[in-house]
>>> print(open('protein_39.pdb').read())   # PDB, C-alpha atoms
ATOM      1  CA  MET A   1     -82.205 -26.104  43.080
ATOM      2  CA  SER A   2     -80.825 -25.176  46.502
ATOM      3  CA  HIS A   3     -83.298 -24.619  49.316
ATOM      4  CA  ASP A   4     -80.891 -22.690  51.562
ATOM      5  CA  THR A   5     -81.617 -19.385  49.864
ATOM      6  CA  PRO A   6     -79.328 -16.733  51.374
ATOM      7  CA  ARG A   7     -80.785 -13.568  52.858
ATOM      8  CA  ASP A   8     -78.970 -10.284  53.237
ATOM      9  CA  ARG A   9     -78.560  -8.294  56.461
ATOM     10  CA  HIS A  10     -82.038  -6.806  55.994
ATOM     11  CA  GLY A  11     -83.615 -10.229  55.467
ATOM     12  CA  ARG A  12     -83.994  -9.808  51.699
ATOM     13  CA  PRO A  13     -83.606 -12.897  49.477
ATOM     14  CA  LEU A  14     -81.957 -12.786  46.052
ATOM     15  CA  ARG A  15     -84.620 -13.264  43.382
ATOM     16  CA  ASP A  16     -83.760 -11.033  40.432
ATOM     17  CA  LEU A  17     -80.552 -10.776  38.362
ATOM     18  CA  ARG A  18     -79.846  -7.917  35.971
ATOM     19  CA  LEU A  19     -77.261  -9.269  33.557
ATOM     20  CA  SER A  20     -75.347  -6.730  31.463
ATOM     21  CA  LEU A  21     -74.277  -8.261  28.158
ATOM     22  CA  VAL A  22     -72.368  -5.298  26.793
ATOM     23  CA  GLU A  23     -71.431  -1.894  28.203
ATOM     24  CA  THR A  24     -71.516  -0.019  24.892
ATOM     25  CA  CYS A  25     -74.574   1.657  23.385
ATOM     26  CA  ASN A  26     -75.550   3.197  20.074
ATOM     27  CA  PHE A  27     -77.272   6.072  21.901
ATOM     28  CA  ARG A  28     -75.825   8.714  24.199
ATOM     29  CA  CYS A  29     -78.795   9.522  26.422
ATOM     30  CA  PRO A  30     -77.812  12.349  28.783
ATOM     31  CA  TYR A  31     -79.093  10.648  31.952
ATOM     32  CA  CYS A  32     -77.158   7.439  31.310
ATOM     33  CA  MET A  33     -74.193   7.786  28.928
ATOM     34  CA  PRO A  34     -73.807  11.442  27.936
ATOM     35  CA  ALA A  35     -71.431  11.822  25.006
ATOM     36  CA  ASP A  36     -69.391  14.623  26.550
ATOM     37  CA  ALA A  37     -68.877  12.852  29.868
ATOM     38  CA  THR A  38     -68.426   9.205  28.943
ATOM     39  CA  PRO A  39     -64.950   8.070  29.991
ATOM     40  CA  ASP A  40     -63.430   6.005  27.201
ATOM     41  CA  ASN A  41     -61.861   3.608  29.660
ATOM     42  CA  GLU A  42     -65.297   2.437  30.791
ATOM     43  CA  VAL A  43     -65.708   0.631  27.442
ATOM     44  CA  LEU A  44     -64.308  -2.891  27.456
ATOM     45  CA  ASP A  45     -62.589  -4.709  24.672
ATOM     46  CA  ARG A  46     -64.448  -7.801  23.571
ATOM     47  CA  ALA A  47     -62.139 -10.209  25.408
ATOM     48  CA  ALA A  48     -62.948  -8.515  28.706
ATOM     49  CA  ARG A  49     -66.610  -9.476  28.433
ATOM     50  CA  LEU A  50     -67.923 -12.752  29.755
ATOM     51  CA  ASP A  51     -68.446 -15.240  26.937
ATOM     52  CA  PHE A  52     -71.633 -17.277  26.578
ATOM     53  CA  ASP A  53     -70.223 -20.269  28.503
ATOM     54  CA  GLU A  54     -69.257 -18.010  31.408
ATOM     55  CA  ILE A  55     -72.634 -16.297  31.334
ATOM     56  CA  GLU A  56     -74.495 -19.604  31.385
ATOM     57  CA  THR A  57     -72.391 -20.874  34.301
ATOM     58  CA  ALA A  58     -73.095 -17.644  36.179
ATOM     59  CA  VAL A  59     -76.836 -17.800  35.576
ATOM     60  CA  ARG A  60     -76.957 -21.445  36.690
ATOM     61  CA  ALA A  61     -75.219 -20.500  39.925
ATOM     62  CA  PHE A  62     -77.496 -17.522  40.539
ATOM     63  CA  ALA A  63     -80.520 -19.772  40.000
ATOM     64  CA  ARG A  64     -79.182 -22.152  42.636
ATOM     65  CA  VAL A  65     -79.125 -19.390  45.262
ATOM     66  CA  GLY A  66     -82.655 -18.244  44.535
ATOM     67  CA  VAL A  67     -82.761 -16.182  41.344
ATOM     68  CA  SER A  68     -85.833 -16.929  39.230
ATOM     69  CA  LYS A  69     -86.049 -13.679  37.246
ATOM     70  CA  LEU A  70     -83.390 -12.708  34.729
ATOM     71  CA  ARG A  71     -83.209  -9.404  32.894
ATOM     72  CA  LEU A  72     -80.767  -9.024  29.979
ATOM     73  CA  THR A  73     -79.541  -5.473  29.760
ATOM     74  CA  GLY A  74     -76.607  -3.271  28.722
ATOM     75  CA  GLY A  75     -75.506  -0.769  27.458
ATOM     76  CA  GLU A  76     -77.621  -1.805  24.519
ATOM     77  CA  PRO A  77     -77.891  -5.618  24.671
ATOM     78  CA  LEU A  78     -78.900  -5.908  21.001
ATOM     79  CA  LEU A  79     -75.319  -4.919  20.167
ATOM     80  CA  ARG A  80     -74.163  -8.256  21.578
ATOM     81  CA  LYS A  81     -73.412 -10.625  18.720
ATOM     82  CA  ASN A  82     -75.493 -13.826  18.432
ATOM     83  CA  LEU A  83     -77.848 -12.779  21.207
ATOM     84  CA  PRO A  84     -80.637 -15.236  20.249
ATOM     85  CA  GLU A  85     -78.163 -18.091  20.712
ATOM     86  CA  LEU A  86     -77.515 -16.948  24.289
ATOM     87  CA  VAL A  87     -81.237 -16.545  25.002
ATOM     88  CA  ALA A  88     -81.857 -20.099  23.791
ATOM     89  CA  ARG A  89     -79.287 -21.358  26.302
ATOM     90  CA  LEU A  90     -80.530 -19.309  29.238
ATOM     91  CA  VAL A  91     -84.202 -20.235  28.870
ATOM     92  CA  LYS A  92     -83.169 -23.839  29.595
ATOM     93  CA  VAL A  93     -81.482 -23.049  32.937
ATOM     94  CA  PRO A  94     -83.362 -24.808  35.768
ATOM     95  CA  GLY A  95     -85.022 -22.369  38.155
ATOM     96  CA  ILE A  96     -85.111 -19.423  35.749
ATOM     97  CA  ASP A  97     -88.796 -18.919  34.958
ATOM     98  CA  ASP A  98     -88.809 -15.362  33.650
ATOM     99  CA  ILE A  99     -86.386 -13.789  31.164
ATOM    100  CA  ALA A 100     -86.823 -10.216  29.969
ATOM    101  CA  LEU A 101     -84.729  -7.956  27.748
ATOM    102  CA  THR A 102     -84.330  -4.194  28.156
ATOM    103  CA  THR A 103     -83.473  -2.311  24.957
ATOM    104  CA  ASN A 104     -83.716   1.112  23.364
ATOM    105  CA  GLY A 105     -85.531  -0.653  20.520
ATOM    106  CA  SER A 106     -83.605   0.941  17.682
ATOM    107  CA  LEU A 107     -82.167  -2.394  16.477
ATOM    108  CA  LEU A 108     -85.186  -4.498  17.392
ATOM    109  CA  ALA A 109     -86.837  -4.642  13.967
ATOM    110  CA  GLY A 110     -84.115  -6.971  12.690
ATOM    111  CA  GLN A 111     -83.934  -9.175  15.778
ATOM    112  CA  ALA A 112     -87.408  -9.464  17.299
ATOM    113  CA  ARG A 113     -88.415 -12.658  15.535
ATOM    114  CA  ALA A 114     -85.142 -14.488  16.232
ATOM    115  CA  LEU A 115     -85.339 -13.513  19.902
ATOM    116  CA  ARG A 116     -88.916 -14.744  20.111
ATOM    117  CA  GLU A 117     -88.009 -18.032  18.443
ATOM    118  CA  ALA A 118     -85.112 -18.429  20.899
ATOM    119  CA  GLY A 119     -87.601 -18.329  23.783
ATOM    120  CA  LEU A 120     -87.649 -14.699  24.907
ATOM    121  CA  ARG A 121     -91.131 -13.719  26.058
ATOM    122  CA  ARG A 122     -90.788 -10.290  27.665
ATOM    123  CA  LEU A 123     -89.462  -6.984  26.369
ATOM    124  CA  THR A 124     -88.909  -3.617  27.996
ATOM    125  CA  ILE A 125     -88.216  -0.691  25.668
ATOM    126  CA  SER A 126     -86.850   2.658  26.822
ATOM    127  CA  LEU A 127     -88.783   5.488  25.190
ATOM    128  CA  ASP A 128     -88.488   9.003  26.578
ATOM    129  CA  ALA A 129     -90.302  10.918  23.831
ATOM    130  CA  LEU A 130     -92.442  10.433  20.741
ATOM    131  CA  ASP A 131     -91.635  13.867  19.324
ATOM    132  CA  PRO A 132     -88.942  13.133  16.684
ATOM    133  CA  ALA A 133     -86.765  16.179  17.395
ATOM    134  CA  LEU A 134     -86.878  15.732  21.159
ATOM    135  CA  PHE A 135     -86.246  12.001  20.823
ATOM    136  CA  ARG A 136     -83.137  12.689  18.732
ATOM    137  CA  GLU A 137     -81.916  15.210  21.306
ATOM    138  CA  LEU A 138     -82.550  12.818  24.195
ATOM    139  CA  SER A 139     -80.585  10.049  22.448
ATOM    140  CA  GLY A 140     -77.568  12.311  22.149
ATOM    141  CA  GLY A 141     -78.313  13.070  18.491
ATOM    142  CA  ARG A 142     -78.068   9.402  17.509
ATOM    143  CA  GLY A 143     -81.584   8.008  17.634
ATOM    144  CA  ASN A 144     -84.595   8.049  15.336
ATOM    145  CA  VAL A 145     -87.957   7.413  16.964
ATOM    146  CA  ASP A 146     -89.232   5.807  13.737
ATOM    147  CA  ASP A 147     -86.613   3.049  14.154
ATOM    148  CA  VAL A 148     -87.936   2.325  17.633
ATOM    149  CA  LEU A 149     -91.555   2.284  16.467
ATOM    150  CA  ALA A 150     -90.549  -0.087  13.641
ATOM    151  CA  GLY A 151     -88.958  -2.300  16.293
ATOM    152  CA  VAL A 152     -92.175  -2.242  18.296
ATOM    153  CA  ALA A 153     -94.181  -3.252  15.226
ATOM    154  CA  ALA A 154     -91.741  -6.094  14.508
ATOM    155  CA  ALA A 155     -91.970  -7.292  18.103
ATOM    156  CA  GLU A 156     -95.768  -7.264  17.956
ATOM    157  CA  ALA A 157     -95.668  -9.189  14.675
ATOM    158  CA  ALA A 158     -93.295 -11.728  16.249
ATOM    159  CA  GLY A 159     -95.800 -12.355  19.033
ATOM    160  CA  PHE A 160     -94.603 -10.170  21.906
ATOM    161  CA  ARG A 161     -97.570  -9.097  24.037
ATOM    162  CA  SER A 162     -97.746  -6.506  26.784
ATOM    163  CA  ILE A 163     -94.394  -4.854  26.067
ATOM    164  CA  LYS A 164     -93.246  -2.516  28.830
ATOM    165  CA  PHE A 165     -92.151   0.991  27.892
ATOM    166  CA  ASN A 166     -89.978   2.945  30.308
ATOM    167  CA  CYS A 167     -89.935   6.738  30.224
ATOM    168  CA  VAL A 168     -87.507   8.675  32.413
ATOM    169  CA  VAL A 169     -89.098  12.061  33.046
ATOM    170  CA  GLN A 170     -87.013  15.185  33.653
ATOM    171  CA  ARG A 171     -88.390  18.563  34.647
ATOM    172  CA  GLY A 172     -88.072  21.082  31.859
ATOM    173  CA  VAL A 173     -87.008  18.398  29.383
ATOM    174  CA  ASN A 174     -89.737  15.909  28.509
ATOM    175  CA  GLU A 175     -92.554  16.089  31.056
ATOM    176  CA  ALA A 176     -94.786  17.415  28.276
ATOM    177  CA  GLU A 177     -94.402  14.026  26.562
ATOM    178  CA  ALA A 178     -96.092  12.180  29.435
ATOM    179  CA  LEU A 179     -99.658  12.667  28.218
ATOM    180  CA  ARG A 180     -98.654  12.047  24.619
ATOM    181  CA  LEU A 181     -97.034   8.727  25.535
ATOM    182  CA  ALA A 182     -99.963   7.739  27.733
ATOM    183  CA  GLY A 183    -102.386   8.452  24.898
ATOM    184  CA  HIS A 184    -100.241   6.532  22.414
ATOM    185  CA  PHE A 185    -100.146   3.331  24.470
ATOM    186  CA  ARG A 186    -103.654   3.357  25.948
ATOM    187  CA  GLY A 187    -105.645   0.473  24.544
ATOM    188  CA  THR A 188    -102.638  -1.282  22.969
ATOM    189  CA  GLY A 189    -102.167  -3.906  25.670
ATOM    190  CA  HIS A 190     -98.683  -2.521  26.350
ATOM    191  CA  VAL A 191     -97.679  -1.002  29.690
ATOM    192  CA  LEU A 192     -96.119   2.446  30.014
ATOM    193  CA  ARG A 193     -94.038   3.160  33.112
ATOM    194  CA  PHE A 194     -92.781   6.556  34.194
ATOM    195  CA  ILE A 195     -89.487   6.535  36.079
ATOM    196  CA  GLU A 196     -88.265   9.339  38.289
ATOM    197  CA  PHE A 197     -84.924  10.793  37.152
ATOM    198  CA  MET A 198     -82.340   9.075  39.381
ATOM    199  CA  ASP A 199     -78.883  10.021  40.599
ATOM    200  CA  VAL A 200     -77.240   6.992  38.993
ATOM    201  CA  GLY A 201     -73.553   7.334  38.184
ATOM    202  CA  ASN A 202     -71.698  10.639  38.274
ATOM    203  CA  CYS A 203     -72.017  12.156  34.809
ATOM    204  CA  ASN A 204     -75.746  12.692  34.270
ATOM    205  CA  GLY A 205     -76.108  16.136  35.875
ATOM    206  CA  TRP A 206     -78.692  14.938  38.393
ATOM    207  CA  ARG A 207     -80.325  17.558  40.591
ATOM    208  CA  ARG A 208     -83.344  16.940  42.776
ATOM    209  CA  GLU A 209     -85.211  19.846  41.176
ATOM    210  CA  LYS A 210     -85.098  17.980  37.839
ATOM    211  CA  VAL A 211     -87.119  15.134  39.358
ATOM    212  CA  VAL A 212     -90.829  15.098  38.464
ATOM    213  CA  PRO A 213     -92.457  13.174  41.350
ATOM    214  CA  SER A 214     -94.607  10.239  40.289
ATOM    215  CA  ALA A 215     -97.571  11.667  42.183
ATOM    216  CA  GLU A 216     -97.510  14.741  39.941
ATOM    217  CA  LEU A 217     -97.487  12.654  36.748
ATOM    218  CA  ARG A 218    -100.207  10.383  38.097
ATOM    219  CA  ASP A 219    -102.432  13.383  38.816
ATOM    220  CA  LEU A 220    -101.725  14.833  35.363
ATOM    221  CA  ILE A 221    -102.739  11.633  33.580
ATOM    222  CA  SER A 222    -105.664  10.888  35.866
ATOM    223  CA  ALA A 223    -107.135  14.339  35.187
ATOM    224  CA  LYS A 224    -107.507  13.334  31.528
ATOM    225  CA  TRP A 225    -108.021   9.562  31.867
ATOM    226  CA  PRO A 226    -109.062   8.623  35.417
ATOM    227  CA  LEU A 227    -106.862   6.016  37.095
ATOM    228  CA  ARG A 228    -107.362   3.586  39.963
ATOM    229  CA  PRO A 229    -104.521   1.890  41.873
ATOM    230  CA  LEU A 230    -103.835  -1.814  41.340
ATOM    231  CA  SER A 231    -102.397  -4.218  43.901
ATOM    232  CA  PRO A 232     -98.775  -5.286  43.392
ATOM    233  CA  THR A 233     -98.422  -8.549  41.469
ATOM    234  CA  TYR A 234     -95.532  -9.661  43.694
ATOM    235  CA  ARG A 235     -93.590  -8.475  46.714
ATOM    236  CA  GLY A 236     -90.805  -6.098  45.759
ATOM    237  CA  GLU A 237     -92.461  -4.923  42.545
ATOM    238  CA  VAL A 238     -90.837  -1.575  41.813
ATOM    239  CA  ALA A 239     -93.627   0.046  39.807
ATOM    240  CA  ARG A 240     -96.822   1.282  41.442
ATOM    241  CA  ARG A 241     -99.450   0.121  38.962
ATOM    242  CA  HIS A 242    -102.639   1.959  38.042
ATOM    243  CA  ALA A 243    -105.431   0.926  35.686
ATOM    244  CA  TYR A 244    -107.389   3.270  33.472
ATOM    245  CA  GLU A 245    -110.957   3.387  34.793
ATOM    246  CA  ASP A 246    -112.284   2.946  31.243
ATOM    247  CA  GLY A 247    -110.496  -0.386  30.820
ATOM    248  CA  GLN A 248    -107.852   0.824  28.366
ATOM    249  CA  GLY A 249    -104.945  -0.830  30.140
ATOM    250  CA  GLU A 250    -102.553   0.285  32.829
ATOM    251  CA  VAL A 251     -99.700   2.656  33.572
ATOM    252  CA  GLY A 252     -96.957   2.357  36.189
ATOM    253  CA  PHE A 253     -94.816   4.718  38.220
ATOM    254  CA  VAL A 254     -91.313   3.989  39.540
ATOM    255  CA  SER A 255     -90.679   6.407  42.398
ATOM    256  CA  SER A 256     -87.139   5.621  43.477
ATOM    257  CA  VAL A 257     -86.460   9.189  44.606
ATOM    258  CA  SER A 258     -89.752  10.298  46.175
ATOM    259  CA  GLU A 259     -90.701   6.867  47.586
ATOM    260  CA  PRO A 260     -87.646   4.583  47.801
ATOM    261  CA  PHE A 261     -88.284   0.849  47.750
ATOM    262  CA  CYS A 262     -85.001  -0.526  49.112
ATOM    263  CA  GLY A 263     -86.847  -2.537  51.756
ATOM    264  CA  ASP A 264     -88.010  -5.085  49.217
ATOM    265  CA  CYS A 265     -85.039  -4.959  46.826
ATOM    266  CA  HIS A 266     -84.215  -8.504  45.727
ATOM    267  CA  ARG A 267     -81.945  -7.514  42.826
ATOM    268  CA  ALA A 268     -78.295  -8.104  42.002
ATOM    269  CA  ARG A 269     -76.421  -6.924  38.932
ATOM    270  CA  LEU A 270     -73.650  -8.647  37.004
ATOM    271  CA  SER A 271     -71.604  -6.426  34.705
ATOM    272  CA  ALA A 272     -70.462  -7.503  31.251
ATOM    273  CA  ASP A 273     -66.978  -8.215  32.617
ATOM    274  CA  GLY A 274     -68.253 -10.334  35.491
ATOM    275  CA  GLN A 275     -68.433  -7.992  38.468
ATOM    276  CA  LEU A 276     -71.249  -8.337  40.988
ATOM    277  CA  PHE A 277     -73.031  -5.177  42.116
ATOM    278  CA  THR A 278     -75.548  -5.549  44.935
ATOM    279  CA  CYS A 279     -76.985  -2.043  44.453
ATOM    280  CA  LEU A 280     -77.609   0.151  41.409
ATOM    281  CA  PHE A 281     -75.830   2.958  43.272
ATOM    282  CA  ALA A 282     -72.753   0.950  44.286
ATOM    283  CA  ALA A 283     -69.302   2.519  44.127
ATOM    284  CA  ARG A 284     -67.578  -0.731  43.199
ATOM    285  CA  GLY A 285     -68.290  -4.315  42.321
ATOM    286  CA  THR A 286     -66.857  -7.700  43.286
ATOM    287  CA  PRO A 287     -64.985  -9.420  40.423
ATOM    288  CA  LEU A 288     -66.341 -12.941  39.929
ATOM    289  CA  ARG A 289     -64.725 -14.091  36.708
ATOM    290  CA  GLU A 290     -62.100 -16.235  38.446
ATOM    291  CA  VAL A 291     -64.819 -17.872  40.544
ATOM    292  CA  ILE A 292     -66.993 -18.459  37.466
ATOM    293  CA  ALA A 293     -64.034 -20.324  35.943
ATOM    294  CA  LYS A 294     -64.162 -22.752  38.890
ATOM    295  CA  GLY A 295     -67.734 -23.728  38.023
ATOM    296  CA  GLU A 296     -71.244 -23.216  39.288
ATOM    297  CA  ASP A 297     -70.711 -24.941  42.674
ATOM    298  CA  ALA A 298     -67.914 -22.549  43.608
ATOM    299  CA  LEU A 299     -69.808 -19.563  42.292
ATOM    300  CA  ALA A 300     -73.041 -20.473  44.099
ATOM    301  CA  ALA A 301     -71.106 -20.707  47.374
ATOM    302  CA  ARG A 302     -69.427 -17.331  46.779
ATOM    303  CA  LEU A 303     -72.731 -15.679  45.859
ATOM    304  CA  GLY A 304     -74.234 -16.933  49.110
ATOM    305  CA  GLU A 305     -71.395 -15.318  51.063
ATOM    306  CA  LEU A 306     -71.626 -12.017  49.201
ATOM    307  CA  TRP A 307     -75.404 -11.751  49.414
ATOM    308  CA  SER A 308     -75.460 -12.631  53.120
ATOM    309  CA  ALA A 309     -73.120  -9.690  53.766
ATOM    310  CA  ARG A 310     -75.204  -7.194  51.757
ATOM    311  CA  GLY A 311     -76.644  -4.195  53.579
ATOM    312  CA  ASP A 312     -77.351  -1.738  50.735
ATOM    313  CA  ARG A 313     -80.218   0.723  50.955
ATOM    314  CA  TYR A 314     -78.874   3.755  49.119
ATOM    315  CA  SER A 315     -82.167   5.295  48.018
ATOM    316  CA  GLU A 316     -83.455   5.377  51.584
ATOM    317  CA  GLN A 317     -80.241   7.006  52.762
ATOM    318  CA  ARG A 318     -79.854   9.398  49.832
ATOM    319  CA  GLY A 319     -78.318  12.572  51.246
ATOM    320  CA  GLU A 320     -75.362  14.918  51.139
ATOM    321  CA  GLU A 321     -72.946  12.563  52.873
ATOM    322  CA  ASP A 322     -73.816   9.672  50.644
ATOM    323  CA  ARG A 323     -73.659  11.684  47.451
ATOM    324  CA  LYS A 324     -69.943  12.229  47.960
ATOM    325  CA  HIS A 325     -69.084   8.680  46.981
ATOM    326  CA  ARG A 326     -68.389   7.963  43.361
ATOM    327  CA  LYS A 327     -70.972   5.591  41.897
ATOM    328  CA  ILE A 328     -70.585   3.175  39.009
ATOM    329  CA  GLU A 329     -72.102   4.436  35.767
ATOM    330  CA  MET A 330     -75.522   3.091  34.845
ATOM    331  CA  PHE A 331     -74.527   1.978  31.333
ATOM    332  CA  TYR A 332     -71.828  -0.210  32.868
ATOM    333  CA  ILE A 333     -74.189  -2.335  34.944
ATOM    334  CA  GLY A 334     -77.545  -1.867  33.261
ATOM    335  CA  GLY A 335     -80.590  -0.081  34.641
TER     336      GLY A 335
END
>>> encode(input="protein_39.pdb", output="structure tokens")
Amino acid sequence: MSHDTPRDRHGRPLRDLRLSLVETCNFRCPYCMPADATPDNEVLDRAARLDFDEIETAVRAFARVGVSKLRLTGGEPLLRKNLPELVARLVKVPGIDDIALTTNGSLLAGQARALREAGLRRLTISLDALDPALFRELSGGRGNVDDVLAGVAAAEAAGFRSIKFNCVVQRGVNEAEALRLAGHFRGTGHVLRFIEFMDVGNCNGWRREKVVPSAELRDLISAKWPLRPLSPTYRGEVARRHAYEDGQGEVGFVSSVSEPFCGDCHRARLSADGQLFTCLFAARGTPLREVIAKGEDALAARLGELWSARGDRYSEQRGEEDRKHRKIEMFYIGG
């Protein structure tokens, strides 16, 4: 593995790759891919997506420039055919020591064991409500919370421990679910994380007044089950972690609006069609497919150039001027 790890213009190394396997999803969650605002041309035909050989070459090159953490995302990555086969290949890439998968969980019941046997060890499941009617509404009328809970049970049975659950909280929509979710996951060994509603993409109707600040949720939960802050497990960790005083586990808060964390952002994103995005809020990506075709040496060199030129810190600069630029949609590059 290369020792000349590139750093961007703010001195940040590249450590974490979010790899989108597919841009389609079986849900239409309003904050990500709302049904009435999803442009059809954002959905790729299958040939436009990187194949498994291209993905493996890309991951090998990213590992050579410093990436050790890989997150498989979407869209809904469980829609990607033969996913366990890809996982089995990626877990063998030198330098990659942590692979996680982010999913809405609705298809997990049928795939959890195969993914575990392929070498996947970490899961993150998006879950914005336990109330069945609200869950269906928040999935654009397409999701059933019982399917997700069946997926969780299958994952537990397959040996997944300490699953992370992400809940995006919106004022006037699902903040009442916060305590219910906290109560559901306390004592299970799983970790619930509340994420502030972000202005990702252009079609999710984001307004600052719909953001429920993490501090407010933390106070709400702590009033019922007292919390104490935990130290970060690594530099650049996005969630502020808190433990329940009574030993029933932990809960995290991702405060990308009220307390931006650009200063320690070590993440890059590769879209399903092979474009590099160096910020979740980027307006455009850099196509890499032709470079991937030249092999991992060429790609590693190009990644070093691109990362060294990076200066993104959108969340710290979030303001009226910046909001005028059109941002890539979240479902296209993964969360």
>>> residues_around(input="protein_39.pdb", residues="Phe135 in chain A", least_positions_apart="2", cutoff="12 Å", atoms="all atoms listed in the file", output="CSV table (one decimal) with C-alpha atoms, in the coordinates of the input")
chain,number,residue,atom,x,y,z
A,27,PHE,CA,-77.3,6.1,21.9
A,28,ARG,CA,-75.8,8.7,24.2
A,29,CYS,CA,-78.8,9.5,26.4
A,30,PRO,CA,-77.8,12.3,28.8
A,104,ASN,CA,-83.7,1.1,23.4
A,106,SER,CA,-83.6,0.9,17.7
A,126,SER,CA,-86.8,2.7,26.8
A,127,LEU,CA,-88.8,5.5,25.2
A,128,ASP,CA,-88.5,9.0,26.6
A,129,ALA,CA,-90.3,10.9,23.8
A,130,LEU,CA,-92.4,10.4,20.7
A,131,ASP,CA,-91.6,13.9,19.3
A,132,PRO,CA,-88.9,13.1,16.7
A,133,ALA,CA,-86.8,16.2,17.4
A,137,GLU,CA,-81.9,15.2,21.3
A,138,LEU,CA,-82.6,12.8,24.2
A,139,SER,CA,-80.6,10.0,22.4
A,140,GLY,CA,-77.6,12.3,22.1
A,141,GLY,CA,-78.3,13.1,18.5
A,142,ARG,CA,-78.1,9.4,17.5
A,143,GLY,CA,-81.6,8.0,17.6
A,144,ASN,CA,-84.6,8.0,15.3
A,145,VAL,CA,-88.0,7.4,17.0
A,146,ASP,CA,-89.2,5.8,13.7
A,147,ASP,CA,-86.6,3.0,14.2
A,148,VAL,CA,-87.9,2.3,17.6
A,149,LEU,CA,-91.6,2.3,16.5
A,167,CYS,CA,-89.9,6.7,30.2
A,173,VAL,CA,-87.0,18.4,29.4
A,174,ASN,CA,-89.7,15.9,28.5
A,177,GLU,CA,-94.4,14.0,26.6
>>> resolve_selection(input="protein_39.pdb", expression="the PyMOL selection byres ((chain A and resi 169-172) around 12)", output="JSON, numbers by chain")
{"A": [30, 31, 126, 127, 128, 129, 138, 166, 167, 168, 173, 174, 175, 176, 177, 178, 179, 181, 193, 194, 195, 196, 197, 198, 199, 204, 205, 206, 207, 208, 209, 210, 211, 212, 213, 214, 216, 217, 253, 254, 255]}
>>> closest_residue(input="protein_39.pdb", among="A:Pro13, A:Gly252, A:Gly183, A:Gly110", to="Phe165 in chain A", atoms="all atoms listed in the file")
A:Gly252
>>> atom_distance(input="protein_39.pdb", atom1="CA of His10 in chain A", atom2="CA of Glu305 in chain A")
14.5 Å
>>> closest_residue(input="protein_39.pdb", among="A:Leu101, A:Leu86, A:Leu107, A:Ala215", to="Phe52 in chain A", atoms="only C-alpha atoms")
A:Leu86
>>> closest_residue(input="protein_39.pdb", among="A:Asp219, A:Asp246, A:Asp264, A:Glu296", to="Ala63 in chain A", atoms="all atoms listed in the file")
A:Glu296
>>> atom_distance(input="protein_39.pdb", atom1="CA of Leu192 in chain A", atom2="CA of Lys164 in chain A")
5.9 Å
>>> closest_residue(input="protein_39.pdb", among="A:Arg80, A:Arg49, A:His184, A:Arg71", to="Leu19 in chain A", atoms="all atoms listed in the file")
A:Arg71
>>> residues_near_point(input="protein_39.pdb", point="(-106.8, 4.1, 33.0)", cutoff="8 Å", atoms="all atoms listed in the file", output="VMD selection string")
chain A and resid 186 222 225 to 228 242 to 251
>>> resolve_selection(input="protein_39.pdb", expression="the PyMOL selection byres ((chain A and resi 150-157) around 6)", output="JSON, numbers by chain")
{"A": [105, 108, 109, 112, 147, 148, 149, 158, 159, 160]}
>>> atom_distance(input="protein_39.pdb", atom1="CA of Arg9 in chain A", atom2="CA of Gly304 in chain A")
12.1 Å
>>> residues_around(input="protein_39.pdb", residues="Ala48 in chain A", least_positions_apart="2", cutoff="12 Å", atoms="all atoms listed in the file", output="list in words")
Leu21, Val22, Glu23, Glu42, Val43, Leu44, Asp45, Arg46, Leu50, Asp51, Glu54, Ser271, Ala272, Asp273, Gly274, Gln275, Pro287 and Arg289 of chain A
>>> write_last_selection(input="protein_39.pdb", atoms="C-alpha atoms", output="PDB file, in the coordinates of the input")
ATOM      1  CA  LEU A  21     -74.277  -8.261  28.158  1.00  0.00           C
ATOM      2  CA  VAL A  22     -72.368  -5.298  26.793  1.00  0.00           C
ATOM      3  CA  GLU A  23     -71.431  -1.894  28.203  1.00  0.00           C
ATOM      4  CA  GLU A  42     -65.297   2.437  30.791  1.00  0.00           C
ATOM      5  CA  VAL A  43     -65.708   0.631  27.442  1.00  0.00           C
ATOM      6  CA  LEU A  44     -64.308  -2.891  27.456  1.00  0.00           C
ATOM      7  CA  ASP A  45     -62.589  -4.709  24.672  1.00  0.00           C
ATOM      8  CA  ARG A  46     -64.448  -7.801  23.571  1.00  0.00           C
ATOM      9  CA  LEU A  50     -67.923 -12.752  29.755  1.00  0.00           C
ATOM     10  CA  ASP A  51     -68.446 -15.240  26.937  1.00  0.00           C
ATOM     11  CA  GLU A  54     -69.257 -18.010  31.408  1.00  0.00           C
ATOM     12  CA  SER A 271     -71.604  -6.426  34.705  1.00  0.00           C
ATOM     13  CA  ALA A 272     -70.462  -7.503  31.251  1.00  0.00           C
ATOM     14  CA  ASP A 273     -66.978  -8.215  32.617  1.00  0.00           C
ATOM     15  CA  GLY A 274     -68.253 -10.334  35.491  1.00  0.00           C
ATOM     16  CA  GLN A 275     -68.433  -7.992  38.468  1.00  0.00           C
ATOM     17  CA  PRO A 287     -64.985  -9.420  40.423  1.00  0.00           C
ATOM     18  CA  ARG A 289     -64.725 -14.091  36.708  1.00  0.00           C
TER      19      ARG A 289
END
>>> resolve_selection(input="protein_39.pdb", expression="the PyMOL selection byres ((chain A and resi 300) around 10)", output="MDAnalysis selection string")
chainID A and resid 2 57:66 291:292 295:299 301:306
>>> closest_residue(input="protein_39.pdb", among="A:Leu288, A:Leu270, A:Ala47, A:Val67", to="Ser20 in chain A", atoms="all atoms listed in the file")
A:Leu270
>>> closest_residue(input="protein_39.pdb", among="A:Asn82, A:Thr24, A:Thr124, A:Thr73", to="Arg161 in chain A", atoms="all atoms listed in the file")
A:Thr124
